[in-house]
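File shown: input-v1.csv (CSV, C-alpha atoms).
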chain,number,residue,atom,x,y,z
A,47,MET,CA,-34.9,-65.5,48.5
A,48,MET,CA,-34.6,-66.0,44.7
A,49,ASN,CA,-38.4,-66.1,44.4
A,50,LEU,CA,-38.7,-62.8,46.4
A,51,MET,CA,-36.1,-61.1,44.2
A,52,LYS,CA,-38.0,-62.2,41.1
A,53,LYS,CA,-41.3,-60.8,42.5
A,54,LEU,CA,-39.7,-57.5,43.4
A,55,ALA,CA,-38.3,-57.2,39.9
A,56,ALA,CA,-41.7,-58.0,38.3
A,57,LEU,CA,-43.3,-55.4,40.6
A,58,GLY,CA,-40.7,-52.8,39.5
A,59,LEU,CA,-41.4,-53.5,35.8
A,60,SER,CA,-45.2,-53.2,36.4
A,61,LEU,CA,-44.8,-49.8,38.1
A,62,THR,CA,-42.5,-48.6,35.3
A,63,LEU,CA,-45.1,-49.5,32.7
A,64,VAL,CA,-47.9,-47.8,34.7
A,65,LEU,CA,-45.9,-44.6,35.0
A,66,SER,CA,-45.0,-44.6,31.3
A,67,LEU,CA,-48.6,-45.0,30.2
A,68,ALA,CA,-49.7,-42.3,32.6
A,69,ALA,CA,-47.3,-39.9,31.0
A,70,CYS,CA,-48.6,-40.3,27.4
A,71,GLY,CA,-51.1,-38.1,25.6
A,72,GLY,CA,-52.1,-34.4,25.8
A,73,GLY,CA,-55.4,-34.8,27.5
A,74,THR,CA,-55.5,-36.6,30.9
A,75,ASP,CA,-58.0,-39.0,32.4
A,76,ASP,CA,-59.3,-38.0,35.9
A,77,THR,CA,-61.6,-40.4,37.7
A,78,SER,CA,-63.0,-37.6,39.8
A,79,SER,CA,-66.6,-36.6,38.9
A,80,GLY,CA,-66.9,-33.6,36.5
A,81,ASN,CA,-68.9,-32.2,33.7
A,82,ASP,CA,-70.8,-34.9,31.8
A,83,ALA,CA,-69.9,-33.4,28.4
A,84,ALA,CA,-66.3,-34.0,29.2
A,85,SER,CA,-66.8,-37.6,30.3
A,86,GLY,CA,-65.1,-40.4,28.4
A,87,GLU,CA,-65.7,-44.2,28.5
A,88,SER,CA,-66.3,-45.9,31.9
A,89,GLY,CA,-67.4,-42.6,33.4
A,90,GLU,CA,-63.9,-41.2,33.5
A,91,THR,CA,-63.5,-37.4,33.1
A,92,VAL,CA,-61.2,-36.2,30.4
A,93,LYS,CA,-59.2,-33.2,31.3
A,94,TYR,CA,-58.3,-31.3,28.1
A,95,LEU,CA,-55.1,-29.3,27.6
A,96,ILE,CA,-55.7,-26.0,25.8
A,97,GLY,CA,-52.8,-24.0,24.5
A,98,ILE,CA,-53.7,-20.3,24.2
A,99,SER,CA,-51.3,-18.1,22.2
A,100,GLN,CA,-51.9,-14.4,22.4
A,101,TYR,CA,-49.9,-12.3,20.0
A,102,GLY,CA,-49.4,-9.5,22.4
A,103,GLN,CA,-50.9,-7.7,25.5
A,104,HIS,CA,-53.4,-4.9,25.1
A,105,GLY,CA,-57.0,-4.4,26.2
A,106,SER,CA,-58.9,-5.9,23.3
A,107,LEU,CA,-56.7,-9.1,23.1
A,108,ASP,CA,-56.9,-9.5,26.9
A,109,ASN,CA,-60.7,-9.2,26.7
A,110,CYS,CA,-60.8,-11.9,24.0
A,111,ARG,CA,-58.9,-14.3,26.3
A,112,GLU,CA,-61.0,-13.5,29.3
A,113,GLY,CA,-64.2,-13.9,27.2
A,114,PHE,CA,-63.0,-17.2,25.8
A,115,LEU,CA,-62.7,-18.6,29.3
A,116,GLN,CA,-66.1,-17.3,30.1
A,117,GLY,CA,-67.5,-19.0,27.0
A,118,LEU,CA,-66.1,-22.3,28.1
A,119,ALA,CA,-67.7,-21.8,31.5
A,120,GLN,CA,-71.0,-21.0,29.9
A,121,ALA,CA,-70.7,-24.3,28.0
A,122,GLY,CA,-70.3,-26.1,31.3
A,123,LEU,CA,-66.6,-26.7,31.2
A,124,VAL,CA,-64.8,-26.0,34.5
A,125,GLU,CA,-61.1,-25.0,34.5
A,126,GLY,CA,-59.1,-27.3,36.6
A,127,THR,CA,-61.7,-30.1,36.4
A,128,ASP,CA,-62.5,-30.4,32.7
A,129,PHE,CA,-59.5,-28.5,31.2
A,130,GLU,CA,-56.2,-26.9,31.9
A,131,VAL,CA,-54.7,-23.9,30.1
A,132,ASP,CA,-51.2,-23.3,28.9
A,133,TYR,CA,-51.3,-19.5,28.3
A,134,GLN,CA,-48.4,-17.9,26.3
A,135,ASN,CA,-47.8,-14.3,25.1
A,136,ALA,CA,-45.7,-13.7,22.0
A,137,ASN,CA,-45.1,-10.0,22.8
A,138,PHE,CA,-45.9,-9.1,19.2
A,139,ASP,CA,-42.9,-11.1,18.0
A,140,ASP,CA,-43.5,-13.5,15.1
A,141,ASN,CA,-40.6,-15.7,16.1
A,142,GLN,CA,-42.0,-16.1,19.6
A,143,ALA,CA,-45.4,-16.9,18.1
A,144,THR,CA,-43.9,-19.6,15.9
A,145,GLN,CA,-42.0,-21.1,18.9
A,146,ILE,CA,-45.2,-21.1,21.0
A,147,GLY,CA,-47.1,-23.0,18.3
A,148,GLN,CA,-44.3,-25.6,18.1
A,149,MET,CA,-44.3,-25.9,21.9
A,150,PHE,CA,-48.0,-26.6,21.9
A,151,SER,CA,-47.6,-29.2,19.2
A,152,ALA,CA,-44.8,-30.9,21.2
A,153,GLU,CA,-47.1,-30.9,24.3
A,154,ASP,CA,-49.8,-32.7,22.2
A,155,VAL,CA,-52.4,-30.1,23.4
A,156,ASP,CA,-56.0,-31.0,22.6
A,157,LEU,CA,-56.7,-27.6,21.2
A,158,MET,CA,-54.7,-24.5,20.1
A,159,VAL,CA,-56.2,-21.1,20.4
A,160,GLY,CA,-54.7,-18.2,18.4
A,161,ILE,CA,-55.6,-14.7,19.5
A,162,ALA,CA,-54.8,-12.3,16.6
A,163,THR,CA,-53.8,-13.3,13.1
A,164,ASN,CA,-50.0,-13.9,13.6
A,165,ALA,CA,-50.6,-16.1,16.6
A,166,ALA,CA,-53.4,-18.1,14.8
A,167,VAL,CA,-51.3,-18.6,11.7
A,168,ALA,CA,-48.3,-19.9,13.8
A,169,CYS,CA,-50.6,-22.3,15.7
A,170,PHE,CA,-52.2,-23.6,12.5
A,171,ASN,CA,-48.8,-24.2,10.9
A,172,ALA,CA,-47.6,-26.1,14.0
A,173,ALA,CA,-50.9,-28.1,14.3
A,174,GLU,CA,-51.2,-29.4,10.8
A,175,ASP,CA,-48.8,-32.4,11.1
A,176,LYS,CA,-50.7,-33.7,14.1
A,177,ASP,CA,-54.2,-32.5,13.0
A,178,ILE,CA,-54.7,-30.6,16.2
A,179,PRO,CA,-57.8,-28.4,16.1
A,180,VAL,CA,-57.2,-24.7,16.1
A,181,ILE,CA,-59.7,-21.9,17.2
A,182,PHE,CA,-58.9,-18.3,16.3
A,183,THR,CA,-60.3,-15.0,17.4
A,184,ALA,CA,-59.6,-11.3,16.7
A,185,ILE,CA,-58.9,-11.8,13.0
A,186,THR,CA,-60.6,-9.4,10.6
A,187,ASP,CA,-60.1,-11.3,7.4
A,188,PRO,CA,-59.8,-15.1,7.9
A,189,VAL,CA,-60.0,-15.7,4.2
A,190,GLY,CA,-57.2,-13.3,3.4
A,191,ALA,CA,-55.1,-15.0,6.2
A,192,HIS,CA,-55.8,-18.4,4.6
A,193,LEU,CA,-57.5,-19.6,7.8
A,194,ASP,CA,-60.8,-20.5,6.4
A,195,ALA,CA,-60.1,-24.2,5.5
A,196,GLY,CA,-58.7,-27.2,7.4
A,197,ASN,CA,-59.0,-28.2,11.1
A,198,ILE,CA,-59.6,-24.6,12.1
A,199,THR,CA,-62.4,-22.1,12.8
A,200,GLY,CA,-63.1,-19.2,15.1
A,201,THR,CA,-64.5,-15.6,15.1
A,202,SER,CA,-63.8,-12.5,13.1
A,203,ASP,CA,-63.6,-9.0,14.4
A,204,ALA,CA,-64.4,-7.3,11.1
A,205,LEU,CA,-64.8,-3.6,11.9
A,206,PRO,CA,-68.1,-1.7,11.4
A,207,VAL,CA,-66.5,0.8,9.1
A,208,ALA,CA,-69.7,2.4,8.0
A,209,GLY,CA,-70.8,2.9,11.6
A,210,GLN,CA,-67.4,4.6,12.3
A,211,LEU,CA,-67.7,6.9,9.4
A,212,GLU,CA,-71.2,7.9,10.5
A,213,LEU,CA,-70.0,8.6,14.0
A,214,ILE,CA,-67.1,10.8,12.7
A,215,ARG,CA,-69.5,12.7,10.4
A,216,ALA,CA,-71.9,13.3,13.3
A,217,LEU,CA,-69.1,14.6,15.7
A,218,GLN,CA,-67.2,16.5,13.0
A,219,PRO,CA,-69.6,17.8,10.4
A,220,ASP,CA,-66.9,19.9,8.6
A,221,ALA,CA,-64.2,17.2,8.5
A,222,ASP,CA,-62.7,16.2,5.2
A,223,THR,CA,-59.7,13.9,5.8
A,224,ILE,CA,-59.3,10.9,8.0
A,225,GLY,CA,-55.8,9.7,8.8
A,226,ILE,CA,-55.0,6.0,9.4
A,227,VAL,CA,-51.8,4.4,10.4
A,228,TYR,CA,-51.6,0.7,9.6
A,229,THR,CA,-49.0,-2.2,9.4
A,230,THR,CA,-48.3,-3.1,5.8
A,231,SER,CA,-47.7,-6.8,6.7
A,232,GLU,CA,-50.8,-7.2,8.7
A,233,ALA,CA,-53.5,-8.6,6.4
A,234,ASN,CA,-56.3,-7.5,8.8
A,235,SER,CA,-55.1,-3.9,8.5
A,236,VAL,CA,-54.6,-3.9,4.8
A,237,TYR,CA,-58.1,-5.3,4.4
A,238,SER,CA,-59.7,-2.6,6.7
A,239,VAL,CA,-57.9,0.3,5.0
A,240,GLY,CA,-59.4,-1.0,1.7
A,241,VAL,CA,-62.9,-0.9,3.3
A,242,TYR,CA,-62.3,2.6,4.5
A,243,GLU,CA,-61.2,3.8,1.1
A,244,ASP,CA,-64.2,2.1,-0.6
A,245,LEU,CA,-66.7,3.7,1.8
A,246,ALA,CA,-65.2,7.1,2.6
A,247,ALA,CA,-66.6,9.0,-0.3
A,248,ASP,CA,-70.1,8.0,0.6
A,249,TYR,CA,-69.7,10.1,3.8
A,250,GLY,CA,-67.8,13.0,2.2
A,251,PHE,CA,-64.3,11.9,3.4
A,252,THR,CA,-61.0,11.1,1.9
A,253,ILE,CA,-58.5,8.7,3.5
A,254,ASP,CA,-54.9,9.5,4.1
A,255,ALA,CA,-53.3,6.2,5.1
A,256,VAL,CA,-49.6,5.8,6.1
A,257,GLY,CA,-48.1,2.3,6.3
A,258,VAL,CA,-45.5,1.1,8.8
A,259,THR,CA,-43.4,-2.0,9.1
A,260,SER,CA,-42.9,-2.0,12.8
A,261,GLN,CA,-44.2,-0.5,16.1
A,262,ALA,CA,-41.1,1.8,16.2
A,263,GLU,CA,-42.4,3.6,13.1
A,264,VAL,CA,-45.9,4.3,14.4
A,265,THR,CA,-45.4,7.7,16.1
A,266,GLN,CA,-43.4,9.0,13.2
A,267,ALA,CA,-46.3,8.0,10.9
A,268,VAL,CA,-48.7,10.0,13.2
A,269,ASP,CA,-46.4,13.0,12.9
A,270,THR,CA,-46.6,12.6,9.1
A,271,LEU,CA,-50.4,12.6,9.2
A,272,LEU,CA,-50.5,15.6,11.5
A,273,SER,CA,-48.2,17.5,9.1
A,274,HIS,CA,-50.7,16.7,6.3
A,275,GLY,CA,-53.4,18.5,8.2
A,276,VAL,CA,-55.8,15.5,8.7
A,277,ASP,CA,-59.0,16.4,10.6
A,278,CYS,CA,-58.9,13.2,12.7
A,279,LEU,CA,-57.4,9.8,13.0
A,280,SER,CA,-59.3,6.5,13.0
A,281,ASN,CA,-57.7,3.5,14.6
A,282,LEU,CA,-57.9,0.0,13.4
A,283,THR,CA,-57.3,-3.1,15.5
A,284,ASP,CA,-53.7,-3.0,14.3
A,285,ASN,CA,-51.6,-4.5,17.1
A,286,ASN,CA,-48.5,-2.3,16.3
A,287,VAL,CA,-50.7,0.8,16.5
A,288,VAL,CA,-52.8,-0.1,19.5
A,289,GLY,CA,-49.7,-1.1,21.4
A,290,VAL,CA,-48.5,2.5,21.5
A,291,LEU,CA,-51.9,4.3,21.6
A,292,GLY,CA,-50.9,6.2,24.7
A,293,ALA,CA,-48.0,7.9,22.8
A,294,ILE,CA,-50.2,8.6,19.8
A,295,LEU,CA,-52.8,10.3,22.0
A,296,GLU,CA,-50.1,12.6,23.6
A,297,LYS,CA,-49.3,13.9,20.1
A,298,THR,CA,-52.9,14.2,18.8
A,299,ASP,CA,-54.1,15.9,22.0
A,300,GLU,CA,-51.4,18.4,21.8
A,301,ALA,CA,-52.3,19.1,18.2
A,302,GLY,CA,-56.1,19.2,19.0
A,303,ILE,CA,-56.9,16.3,16.6
A,304,PRO,CA,-59.4,13.7,17.7
A,305,VAL,CA,-58.7,10.0,17.5
A,306,TYR,CA,-61.5,7.5,17.0
A,307,GLY,CA,-61.1,4.0,18.4
A,308,SER,CA,-62.2,0.7,17.0
A,309,GLU,CA,-63.3,-0.8,20.3
A,310,VAL,CA,-64.2,0.2,23.9
A,311,GLU,CA,-60.7,-0.2,25.4
A,312,GLN,CA,-59.3,2.4,23.0
A,313,VAL,CA,-62.0,4.9,23.9
A,314,LYS,CA,-61.4,4.3,27.6
A,315,LEU,CA,-57.7,5.2,27.0
A,316,GLY,CA,-58.7,8.6,25.6
A,317,CYS,CA,-60.0,8.3,22.0
A,318,VAL,CA,-63.0,10.6,21.6
A,319,GLY,CA,-65.3,7.8,20.5
A,320,GLY,CA,-65.7,4.8,18.4
A,321,ALA,CA,-68.0,2.3,16.7
A,322,GLY,CA,-66.7,-1.1,17.6
A,323,LEU,CA,-67.0,-4.5,19.0
A,324,ASP,CA,-67.2,-5.9,22.5
A,325,TYR,CA,-64.1,-8.1,22.6
A,326,VAL,CA,-65.3,-9.9,25.7
A,327,GLN,CA,-68.4,-10.9,23.9
A,328,LEU,CA,-66.3,-12.0,20.9
A,329,GLY,CA,-64.2,-14.2,23.2
A,330,ILE,CA,-67.4,-15.7,24.7
A,331,GLN,CA,-68.6,-16.6,21.2
A,332,THR,CA,-65.2,-18.2,20.5
A,333,GLY,CA,-65.2,-20.2,23.7
A,334,LEU,CA,-68.7,-21.6,23.0
A,335,MET,CA,-67.4,-22.8,19.6
A,336,ALA,CA,-64.3,-24.3,21.2
A,337,ALA,CA,-66.4,-26.2,23.7
A,338,LYS,CA,-68.2,-27.9,20.8
A,339,VAL,CA,-64.9,-29.0,19.3
A,340,LEU,CA,-63.4,-30.2,22.6
A,341,THR,CA,-66.4,-32.3,23.6
A,342,GLY,CA,-66.8,-33.8,20.1
A,343,GLU,CA,-70.2,-32.1,19.4
A,344,ALA,CA,-68.7,-30.7,16.2
A,345,ALA,CA,-65.5,-30.6,14.2
A,346,CYS,CA,-63.9,-27.4,13.1
A,347,GLN,CA,-64.8,-28.2,9.5
A,348,ASP,CA,-68.4,-28.3,10.6
A,349,LEU,CA,-68.3,-24.8,12.1
A,350,PRO,CA,-67.8,-21.9,9.6
A,351,TYR,CA,-66.1,-18.9,11.2
A,352,GLU,CA,-68.5,-16.4,12.8
A,353,THR,CA,-68.7,-12.7,13.1
A,354,ILE,CA,-70.6,-10.5,15.6
A,355,GLU,CA,-73.4,-8.7,13.7
A,356,ASN,CA,-74.1,-5.9,16.2
A,357,TYR,CA,-71.6,-3.2,17.3
A,358,GLY,CA,-71.6,-0.7,20.0
A,359,LEU,CA,-71.1,3.1,20.1
A,360,TYR,CA,-68.6,4.4,22.7
A,361,ILE,CA,-68.0,8.0,23.7
A,362,ASN,CA,-65.4,9.6,26.0
A,363,SER,CA,-67.1,12.9,27.0
A,364,ASP,CA,-64.0,14.1,28.8
A,365,THR,CA,-61.9,13.8,25.7
A,366,ALA,CA,-64.6,15.4,23.6
A,367,ALA,CA,-64.8,18.4,26.0
A,368,LYS,CA,-61.1,18.8,25.9
A,369,LEU,CA,-61.1,19.0,22.1
A,370,GLY,CA,-64.2,21.2,21.9
A,371,ILE,CA,-66.4,18.6,20.3
A,372,THR,CA,-70.1,18.6,21.1
A,373,ILE,CA,-71.7,15.2,21.3
A,374,PRO,CA,-75.1,15.3,19.5
A,375,ASP,CA,-78.0,14.3,21.7
A,376,ASP,CA,-79.0,11.2,19.7
A,377,ILE,CA,-75.4,9.9,19.9
A,378,ALA,CA,-75.2,10.6,23.6
A,379,GLN,CA,-78.4,8.6,24.2
A,380,GLN,CA,-77.2,5.6,22.2
A,381,ALA,CA,-73.5,5.5,23.2
A,382,GLU,CA,-71.8,3.9,26.2
A,383,GLU,CA,-69.9,6.5,28.2
A,384,CYS,CA,-66.3,5.6,28.7
A,385,ALA,CA,-64.9,8.6,30.5
A,386,ALA,CA,-62.9,7.9,33.6
The structure given in the file should be rewritten as structure tokens.
Amino acid sequence: MMNLMKKLAALGLSLTLVLSLAACGGGTDDTSSGNDAASGESGETVKYLIGISQYGQHGSLDNCREGFLQGLAQAGLVEGTDFEVDYQNANFDDNQATQIGQMFSAEDVDLMVGIATNAAVACFNAAEDKDIPVIFTAITDPVGAHLDAGNITGTSDALPVAGQLELIRALQPDADTIGIVYTTSEANSVYSVGVYEDLAADYGFTIDAVGVTSQAEVTQAVDTLLSHGVDCLSNLTDNNVVGVLGAILEKTDEAGIPVYGSEVEQVKLGCVGGAGLDYVQLGIQTGLMAAKVLTGEAACQDLPYETIENYGLYINSDTAAKLGITIPDDIAQQAEECAA
């Protein structure tokens, strides 16, 4: 009987050790067959844990996330087999973004993904102590955001401002002043406004920019621009502004003032047109970079951040007709139609 009790006690200790070891680490080993690129030693498949922090929910950021997953798939990584995702949304709240980054660090994720600047900065700050790699996307100015050095890389959504100014001039030959609402604390927006101001005179425009500190101030800023008599508004990828685009368009439509979007989702919502990026494609490009980091093909330090060279033209002919704007034939032939 004593020998039996000793054997049972030893068996219990062995099981405890096995369970403890199985609970350690961010990535998990799965002996089921999977993608060769994700295979570790002895043929075991490593299942990576990816933490995705999205700063808020709107069309362009959603497209980045969806494209990112498509990029991983194009690289041969299968969700559920090669990786799992912990997706979190900060609801445009910096404190939530910070908490999400800290949570990912506590989980020992294998990779953090920050969609938009505030989310990426929070992830990078949380990842540094453990040297967890970070991939970002939807950041206009990674250098200005201090995300261009360290165990981090990703993709920039720098706006094609010259293309936007050309489009506005083509659709509104007599326009003089372009209004812009931007968040003063968002580095991307400050950078983009500076580019607009540098290039505007080349196209015969002046820029009337009104800064806000929160989303609650955006519609009031639009009222200010309309009272100044601007000829149109041009949107950035400013999260506070894009988050209330519907309310902006109600005001501008009533005033008969066109709004130009910076990406396709804004034009679908009712902007008259835009020269902008395809955020799904931006996400795909980001996912392909992430796959290289996850599988050990490259380190973040070996991958300088990337930008998309080509941009698209988008037109909402319903909005144009409502505002009495004629789309030139050459623009109509080049642009993607986004009317409902």
Go through A:Thr223, A:Asn164, A:Asn135, A:Gln116 one by one, measure the shortest atom-to-atom distance of each to A:Leu279 using only C-alpha atoms, and give the residue with the smallest value. A:Thr223
What is the distance, in Å and to one decimal place, between atom CA of A:Cys346 and atom CA of A:Glu153? 20.5 Å
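Coordinates place atom CA of A:Ala301 at a distance of 21.0 Å from atom CA of A:Gly257.
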Could you work out how far atom CA of A:Gly292 lies from atom CA of A:Val276, giving the answer in Å with one decimal? 19.1 Å
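Take the candidates A:Ala165, A:Ala262, A:Ala233, A:Leu328 and check each one against A:Thr353 using all atoms listed in the file; the shortest distance goes to A:Leu328.
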Counting all atoms listed in the file, what is within 8 Å of stretch 321-327 of chain A, bar same-chain residues fewer than 5 positions away, as a PyMOL selection string? chain A and resi 106-107+109-114+203+205-207+209-210+213+307-310+354+356-360
Spatial neighbours of A:Thr230, 10 Å, only C-alpha atoms, chain gap at least 6 places, as a list in words: Val236, Val256, Gly257, Val258, Thr259 and Ser260 of chain A
Counting all atoms listed in the file, the option among A:Phe182, A:Tyr228, A:Tyr242, A:Phe129 closest to A:Gln261: A:Tyr228
Determine, counting all atoms listed in the file, which protein, DNA and RNA residues have an atom within 7 Å of an atom of stretch 167-178 of chain A; residues of the same chain fewer than 6 positions away are not included. Present the result as a list in words. Ala143, Thr144, Gly147, Gln148, Ser151, Asp156, Leu157, Met158, Gly160 and Asn197 of chain A
